[in-house]
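Okay, start-v3.cif now, which holds mmCIF, C-alpha atoms and all ligand atoms; chains and numbers go by the auth columns:
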```cif
data_my_file
loop_
_atom_site.group_PDB
_atom_site.id
_atom_site.type_symbol
_atom_site.label_atom_id
_atom_site.label_comp_id
_atom_site.label_asym_id
_atom_site.label_seq_id
_atom_site.Cartn_x
_atom_site.Cartn_y
_atom_site.Cartn_z
_atom_site.B_iso_or_equiv
_atom_site.auth_seq_id
_atom_site.auth_asym_id
ATOM 1 C CA MET A 1 128.399 -159.992 76.426 0.00 1 K
ATOM 2 C CA ARG A 2 128.129 -163.761 76.661 0.00 2 K
ATOM 3 C CA HIS A 3 125.467 -164.228 74.021 0.00 3 K
ATOM 4 C CA SER A 4 125.847 -163.501 70.339 0.00 4 K
ATOM 5 C CA GLN A 5 129.177 -161.967 71.179 0.00 5 K
ATOM 6 C CA HIS A 6 130.525 -161.915 67.655 0.00 6 K
ATOM 7 C CA LEU A 7 127.307 -160.581 66.144 0.00 7 K
ATOM 8 C CA ILE A 8 127.060 -157.804 68.721 0.00 8 K
ATOM 9 C CA ARG A 9 130.699 -156.826 68.259 0.00 9 K
ATOM 10 C CA ALA A 10 130.235 -156.770 64.481 0.00 10 K
ATOM 11 C CA ALA A 11 127.150 -154.592 64.837 0.00 11 K
ATOM 12 C CA ILE A 12 129.020 -152.210 67.137 0.00 12 K
ATOM 13 C CA ASP A 13 131.843 -151.872 64.602 0.00 13 K
ATOM 14 C CA ASP A 14 129.455 -151.524 61.674 0.00 14 K
ATOM 15 C CA SER A 15 127.262 -148.925 63.416 0.00 15 K
ATOM 16 C CA GLY A 16 130.123 -146.457 63.644 0.00 16 K
ATOM 17 C CA ILE A 17 129.083 -145.558 67.185 0.00 17 K
ATOM 18 C CA ALA A 18 132.712 -145.225 68.316 0.00 18 K
ATOM 19 C CA SER A 19 133.137 -142.176 66.096 0.00 19 K
ATOM 20 C CA LEU A 20 129.857 -140.526 67.104 0.00 20 K
ATOM 21 C CA PRO A 21 129.899 -137.973 69.912 0.00 21 K
ATOM 22 C CA CYS A 22 127.985 -138.776 73.082 0.00 22 K
ATOM 23 C CA ALA A 23 125.408 -136.315 74.369 0.00 23 K
ATOM 24 C CA CYS A 24 127.030 -136.517 77.810 0.00 24 K
ATOM 25 C CA GLY A 25 130.028 -134.678 76.399 0.00 25 K
ATOM 26 C CA ARG A 26 132.402 -137.543 75.684 0.00 26 K
ATOM 27 C CA GLU A 27 133.997 -137.717 72.279 0.00 27 K
ATOM 28 C CA SER A 28 132.697 -141.223 71.637 0.00 28 K
ATOM 29 C CA ALA A 29 129.331 -142.821 72.418 0.00 29 K
ATOM 30 C CA LEU A 30 130.990 -146.235 72.585 0.00 30 K
ATOM 31 C CA HIS A 31 131.231 -145.994 76.374 0.00 31 K
ATOM 32 C CA LEU A 32 127.418 -146.124 76.584 0.00 32 K
ATOM 33 C CA ILE A 33 127.294 -149.462 74.759 0.00 33 K
ATOM 34 C CA ASP A 34 130.244 -150.954 76.624 0.00 34 K
ATOM 35 C CA GLU A 35 128.746 -150.020 79.988 0.00 35 K
ATOM 36 C CA PHE A 36 125.322 -151.208 78.879 0.00 36 K
ATOM 37 C CA PHE A 37 126.414 -154.733 77.944 0.00 37 K
ATOM 38 C CA GLU A 38 128.533 -155.032 81.057 0.00 38 K
ATOM 39 C CA ALA A 39 125.485 -154.244 83.200 0.00 39 K
ATOM 40 C CA LEU A 40 123.183 -156.363 81.016 0.00 40 K
ATOM 41 C CA ASP A 41 125.283 -159.453 81.630 0.00 41 K
ATOM 42 C CA ALA A 42 126.004 -158.740 85.296 0.00 42 K
ATOM 43 C CA ASP A 43 122.645 -157.498 86.574 0.00 43 K
ATOM 44 C CA PRO A 44 119.983 -156.948 83.895 0.00 44 K
ATOM 45 C CA GLY A 45 117.338 -156.163 86.504 0.00 45 K
ATOM 46 C CA SER A 46 119.233 -152.986 87.380 0.00 46 K
ATOM 47 C CA LEU A 47 118.565 -151.661 83.873 0.00 47 K
ATOM 48 C CA VAL A 48 114.796 -152.219 83.796 0.00 48 K
ATOM 49 C CA GLY A 49 113.102 -148.830 83.628 0.00 49 K
ATOM 50 C CA ALA A 50 116.444 -147.189 84.450 0.00 50 K
ATOM 51 C CA GLY A 51 116.622 -144.827 81.480 0.00 51 K
ATOM 52 C CA TRP A 52 120.171 -145.960 80.693 0.00 52 K
ATOM 53 C CA MET A 53 120.172 -144.092 77.356 0.00 53 K
ATOM 54 C CA ASP A 54 119.128 -140.793 78.929 0.00 54 K
ATOM 55 C CA GLU A 55 121.601 -137.946 78.499 0.00 55 K
ATOM 56 C CA HIS A 56 123.719 -140.151 76.218 0.00 56 K
ATOM 57 C CA ALA A 57 121.625 -141.179 73.193 0.00 57 K
ATOM 58 C CA VAL A 58 118.228 -139.710 74.033 0.00 58 K
ATOM 59 C CA ASP A 59 116.751 -137.023 76.244 0.00 59 K
ATOM 60 C CA SER A 60 113.161 -138.024 76.805 0.00 60 K
ATOM 61 C CA SER A 61 111.703 -137.762 73.291 0.00 61 K
ATOM 62 C CA PHE A 62 114.689 -135.872 71.836 0.00 62 K
ATOM 63 C CA PHE A 63 117.150 -138.159 70.093 0.00 63 K
ATOM 64 C CA HIS A 64 120.878 -137.595 69.700 0.00 64 K
ATOM 65 C CA ARG A 65 123.004 -138.637 66.749 0.00 65 K
ATOM 66 C CA SER A 66 123.995 -141.964 68.278 0.00 66 K
ATOM 67 C CA ALA A 67 120.386 -143.187 68.642 0.00 67 K
ATOM 68 C CA PRO A 68 120.148 -145.045 65.285 0.00 68 K
ATOM 69 C CA ALA A 69 123.487 -146.743 65.970 0.00 69 K
ATOM 70 C CA VAL A 70 122.235 -147.836 69.385 0.00 70 K
ATOM 71 C CA ALA A 71 119.063 -149.218 67.761 0.00 71 K
ATOM 72 C CA ARG A 72 121.152 -151.224 65.323 0.00 72 K
ATOM 73 C CA ILE A 73 123.273 -152.753 68.074 0.00 73 K
ATOM 74 C CA LEU A 74 120.263 -153.619 70.234 0.00 74 K
ATOM 75 C CA MET A 75 118.580 -155.317 67.275 0.00 75 K
ATOM 76 C CA ALA A 76 121.679 -157.454 66.765 0.00 76 K
ATOM 77 C CA ALA A 77 121.656 -158.352 70.475 0.00 77 K
ATOM 78 C CA LEU A 78 117.968 -159.248 70.737 0.00 78 K
ATOM 79 C CA PRO A 79 118.081 -162.837 69.376 0.00 79 K
ATOM 80 C CA GLY A 80 120.824 -163.785 71.838 0.00 80 K
ATOM 81 C CA TYR A 81 118.968 -162.593 74.920 0.00 81 K
ATOM 82 C CA ASP A 82 115.864 -164.682 74.523 0.00 82 K
ATOM 83 C CA THR A 83 114.299 -164.544 77.970 0.00 83 K
ATOM 84 C CA GLY A 84 114.132 -162.680 81.225 0.00 84 K
ATOM 85 C CA ALA A 85 115.059 -159.214 82.388 0.00 85 K
ATOM 86 C CA ALA A 86 117.788 -158.740 79.785 0.00 86 K
ATOM 87 C CA ARG A 87 115.277 -159.230 76.991 0.00 87 K
ATOM 88 C CA GLU A 88 112.867 -156.873 78.744 0.00 88 K
ATOM 89 C CA VAL A 89 115.581 -154.210 78.876 0.00 89 K
ATOM 90 C CA LEU A 90 116.287 -154.588 75.150 0.00 90 K
ATOM 91 C CA LEU A 91 112.620 -154.487 74.150 0.00 91 K
ATOM 92 C CA GLU A 92 111.950 -151.502 76.415 0.00 92 K
ATOM 93 C CA ALA A 93 114.831 -149.588 74.804 0.00 93 K
ATOM 94 C CA LEU A 94 113.717 -150.497 71.284 0.00 94 K
ATOM 95 C CA ALA A 95 110.205 -149.277 72.110 0.00 95 K
ATOM 96 C CA ASP A 96 111.707 -145.985 73.291 0.00 96 K
ATOM 97 C CA LEU A 97 113.731 -145.736 70.089 0.00 97 K
ATOM 98 C CA CYS A 98 110.535 -146.043 67.998 0.00 98 K
ATOM 99 C CA SER A 99 109.006 -142.941 69.559 0.00 99 K
ATOM 100 C CA GLY A 100 110.441 -139.474 69.635 0.00 100 K
ATOM 101 C CA ASP A 101 110.231 -135.939 68.296 0.00 101 K
ATOM 102 C CA THR A 102 113.500 -135.810 66.359 0.00 102 K
ATOM 103 C CA ASP A 103 111.941 -136.718 63.023 0.00 103 K
ATOM 104 C CA ASP A 104 114.953 -137.716 60.935 0.00 104 K
ATOM 105 C CA LEU A 105 116.613 -139.706 63.714 0.00 105 K
ATOM 106 C CA VAL A 106 113.369 -141.411 64.725 0.00 106 K
ATOM 107 C CA ALA A 107 112.800 -142.401 61.096 0.00 107 K
ATOM 108 C CA ARG A 108 116.292 -143.889 60.959 0.00 108 K
ATOM 109 C CA CYS A 109 115.718 -145.810 64.188 0.00 109 K
ATOM 110 C CA ARG A 110 112.407 -147.169 62.898 0.00 110 K
ATOM 111 C CA ALA A 111 114.049 -148.230 59.635 0.00 111 K
ATOM 112 C CA VAL A 112 116.556 -150.262 61.633 0.00 112 K
ATOM 113 C CA ILE A 113 113.909 -151.821 63.890 0.00 113 K
ATOM 114 C CA ARG A 114 111.222 -152.521 61.247 0.00 114 K
ATOM 115 C CA PRO A 115 112.816 -155.747 59.877 0.00 115 K
ATOM 116 C CA GLY A 116 112.396 -157.194 63.378 0.00 116 K
ATOM 117 C CA VAL A 117 108.599 -157.392 63.117 0.00 117 K
ATOM 118 C CA PRO A 118 108.619 -161.235 62.851 0.00 118 K
ATOM 119 C CA MET A 119 110.763 -161.372 66.015 0.00 119 K
ATOM 120 C CA PHE A 120 108.304 -159.112 67.828 0.00 120 K
ATOM 121 C CA LEU A 121 105.355 -161.237 66.703 0.00 121 K
ATOM 122 C CA GLU A 122 107.201 -164.331 67.920 0.00 122 K
ATOM 123 C CA GLU A 123 107.741 -162.637 71.266 0.00 123 K
ATOM 124 C CA ILE A 124 104.011 -162.056 71.636 0.00 124 K
ATOM 125 C CA ALA A 125 102.956 -165.527 70.490 0.00 125 K
ATOM 126 C CA SER A 126 105.566 -167.283 72.639 0.00 126 K
ATOM 127 C CA GLY A 127 103.635 -166.587 75.821 0.00 127 K
ATOM 128 C CA ARG A 128 106.939 -166.215 77.686 0.00 128 K
ATOM 129 C CA SER A 129 106.266 -162.846 79.268 0.00 129 K
ATOM 130 C CA SER A 130 103.281 -160.522 79.177 0.00 130 K
ATOM 131 C CA VAL A 131 105.558 -157.537 79.855 0.00 131 K
ATOM 132 C CA ASN A 132 107.788 -158.380 76.906 0.00 132 K
ATOM 133 C CA ALA A 133 104.744 -159.131 74.751 0.00 133 K
ATOM 134 C CA SER A 134 103.447 -155.659 75.593 0.00 134 K
ATOM 135 C CA PHE A 135 106.697 -154.000 74.544 0.00 135 K
ATOM 136 C CA ALA A 136 106.756 -156.068 71.345 0.00 136 K
ATOM 137 C CA PHE A 137 103.204 -155.040 70.531 0.00 137 K
ATOM 138 C CA GLU A 138 104.000 -151.422 71.300 0.00 138 K
ATOM 139 C CA ILE A 139 106.964 -151.513 68.915 0.00 139 K
ATOM 140 C CA ILE A 140 104.886 -152.920 66.047 0.00 140 K
ATOM 141 C CA ASP A 141 102.269 -150.265 66.714 0.00 141 K
ATOM 142 C CA MET A 142 104.794 -147.415 66.843 0.00 142 K
ATOM 143 C CA LEU A 143 106.304 -148.619 63.572 0.00 143 K
ATOM 144 C CA GLY A 144 102.892 -148.041 61.999 0.00 144 K
ATOM 145 C CA GLU A 145 102.656 -151.673 60.934 0.00 145 K
ATOM 146 C CA ASP A 146 98.855 -151.511 60.988 0.00 146 K
ATOM 147 C CA ALA A 147 98.224 -154.852 59.315 0.00 147 K
ATOM 148 C CA TRP A 148 100.415 -156.651 61.857 0.00 148 K
ATOM 149 C CA VAL A 149 98.834 -154.714 64.732 0.00 149 K
ATOM 150 C CA ALA A 150 95.428 -155.897 63.541 0.00 150 K
ATOM 151 C CA PHE A 151 96.782 -159.443 63.167 0.00 151 K
ATOM 152 C CA ALA A 152 98.088 -159.403 66.742 0.00 152 K
ATOM 153 C CA ARG A 153 94.842 -157.978 68.087 0.00 153 K
ATOM 154 C CA GLU A 154 92.774 -160.612 66.308 0.00 154 K
ATOM 155 C CA GLN A 155 94.946 -163.711 66.423 0.00 155 K
ATOM 156 C CA LEU A 156 97.258 -163.230 69.411 0.00 156 K
ATOM 157 C CA ALA A 157 94.930 -161.494 71.861 0.00 157 K
ATOM 158 C CA ASP A 158 95.312 -164.351 74.366 0.00 158 K
ATOM 159 C CA PHE A 159 98.953 -163.380 74.822 0.00 159 K
ATOM 160 C CA LEU A 160 98.422 -159.653 75.281 0.00 160 K
ATOM 161 C CA PRO A 161 97.199 -157.876 78.412 0.00 161 K
ATOM 162 C CA ARG A 162 93.571 -156.864 78.064 0.00 162 K
ATOM 163 C CA ALA A 163 94.362 -153.291 79.153 0.00 163 K
ATOM 164 C CA LEU A 164 96.719 -152.965 76.218 0.00 164 K
ATOM 165 C CA LEU A 165 94.105 -154.140 73.727 0.00 165 K
ATOM 166 C CA ASP A 166 91.482 -151.830 75.211 0.00 166 K
ATOM 167 C CA ASP A 167 93.822 -148.882 75.156 0.00 167 K
ATOM 168 C CA GLY A 168 93.323 -148.134 71.485 0.00 168 K
ATOM 169 C CA ASP A 169 96.575 -146.397 70.699 0.00 169 K
ATOM 170 C CA GLY A 170 98.754 -149.338 71.706 0.00 170 K
ATOM 171 C CA ARG A 171 100.918 -147.376 74.119 0.00 171 K
ATOM 172 C CA VAL A 172 101.786 -149.367 77.248 0.00 172 K
ATOM 173 C CA ALA A 173 99.952 -147.065 79.612 0.00 173 K
ATOM 174 C CA SER A 174 100.800 -148.434 83.035 0.00 174 K
ATOM 175 C CA ALA A 175 102.882 -151.584 82.549 0.00 175 K
ATOM 176 C CA PRO A 176 105.092 -152.912 83.826 0.00 176 K
HETATM 177 ZN ZN ZN B . 127.758 -140.670 77.219 0.00 201 K
#
```
With the file now loaded, output its structure as structure tokens.
Ligand SMILES: [Zn+2]
Amino acid sequence: MRHSQHLIRAAIDDSGIASLPCACGRESALHLIDEFFEALDADPGSLVGAGWMDEHAVDSSFFHRSAPAVARILMAALPGYDTGAAREVLLEALADLCSGDTDDLVARCRAVIRPGVPMFLEEIASGRSSVNASFAFEIIDMLGEDAWVAFAREQLADFLPRALLDDGDGRVASAP
């Protein structure tokens, strides 16, 4: 947890995740976050597409009670991990946390992630990574931010994969 260490720690404390049960059976979901940041700093590539939240905070599209707390912590971490695989891991997880079948918990996750729309637009327009731009676009789309989706389609199309723009529903079909 090299980057934004104080902000991330504050978000962890504020989220109350330590007092939430983990779906894996442990009394506290804090272990998930501790192990996540350890791996994120040591070897972020190992977390790409790894489903690190599975059986702890989410099960496929079913969310557990800790999911909104995880979303809050990841949002606090995002500005500090500004490039590379670590940022991809964070954006991938936030995209997952915008989509699910557990209505109340998904709504709470989206409420936490929605204020990040300017960050997601910046990610797209930065041209740093087409994979991360795709996740950022997907998040805005899943949040139902239709005006910003239209803005990105019209003004930032050069930074988005054509397949994503042609897809219609915004879901990252085959990437990365
Ligand atoms: Zn667990």
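Once the PyMOL selection byres (((not hetatm)) within 8 of (chain K and resi 201)) is applied to this file, the selection holds Cys22, Ala23, Cys24, Gly25, Arg26, Ser28, Ala29, Leu30, His31, Leu32, Glu55, His56 and Ala57 of chain K.
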Item to check | Contact residues around stretch 118-133 of chain K with all atoms listed in the file at 8 Å, ignoring same-chain residues under 5 positions, as a PyMOL selection string | outcome: chain K and resi 83+87-88+91+139-140+152+156+159-161+175-176
Please determine an axis-aligned box that encloses all atoms of stretch 104-116 of chain K listed in the file, with 3 Å added on each side, and express its centre and edge lengths in Å to one decimal as JSON.
```
{"center_x": 113.9, "center_y": -147.5, "center_z": 62.2, "size_x": 11.4, "size_y": 25.5, "size_z": 11.1}
```
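The smallest atom-to-atom distance between K:Ala11 and any of K:Asp34, K:Phe63, K:Ala69, K:Val48, using all atoms listed in the file, is found for K:Ala69.
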Item to check | Output check: residues returned by the PyMOL selection byres (((chain K and resi 143-150) around 9) and not hetatm), as an NGL selection string | outcome: :K and (98-99 or 110-111 or 113-114 or 117 or 121 or 137-142 or 151-155 or 170)
Only C-alpha atoms, please: the residues just picked out, written as a short mmCIF file (atom, residue, chain, number, x, y, z; two decimals), in the frame of the given file.
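The result, written out as result25.cif:
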```cif
data_model
loop_
_atom_site.label_atom_id
_atom_site.label_comp_id
_atom_site.auth_asym_id
_atom_site.auth_seq_id
_atom_site.Cartn_x
_atom_site.Cartn_y
_atom_site.Cartn_z
CA CYS K 98 110.54 -146.04 68.00
CA SER K 99 109.01 -142.94 69.56
CA ARG K 110 112.41 -147.17 62.90
CA ALA K 111 114.05 -148.23 59.64
CA ILE K 113 113.91 -151.82 63.89
CA ARG K 114 111.22 -152.52 61.25
CA VAL K 117 108.60 -157.39 63.12
CA LEU K 121 105.36 -161.24 66.70
CA PHE K 137 103.20 -155.04 70.53
CA GLU K 138 104.00 -151.42 71.30
CA ILE K 139 106.96 -151.51 68.92
CA ILE K 140 104.89 -152.92 66.05
CA ASP K 141 102.27 -150.26 66.71
CA MET K 142 104.79 -147.42 66.84
CA PHE K 151 96.78 -159.44 63.17
CA ALA K 152 98.09 -159.40 66.74
CA ARG K 153 94.84 -157.98 68.09
CA GLU K 154 92.77 -160.61 66.31
CA GLN K 155 94.95 -163.71 66.42
CA GLY K 170 98.75 -149.34 71.71
#
```
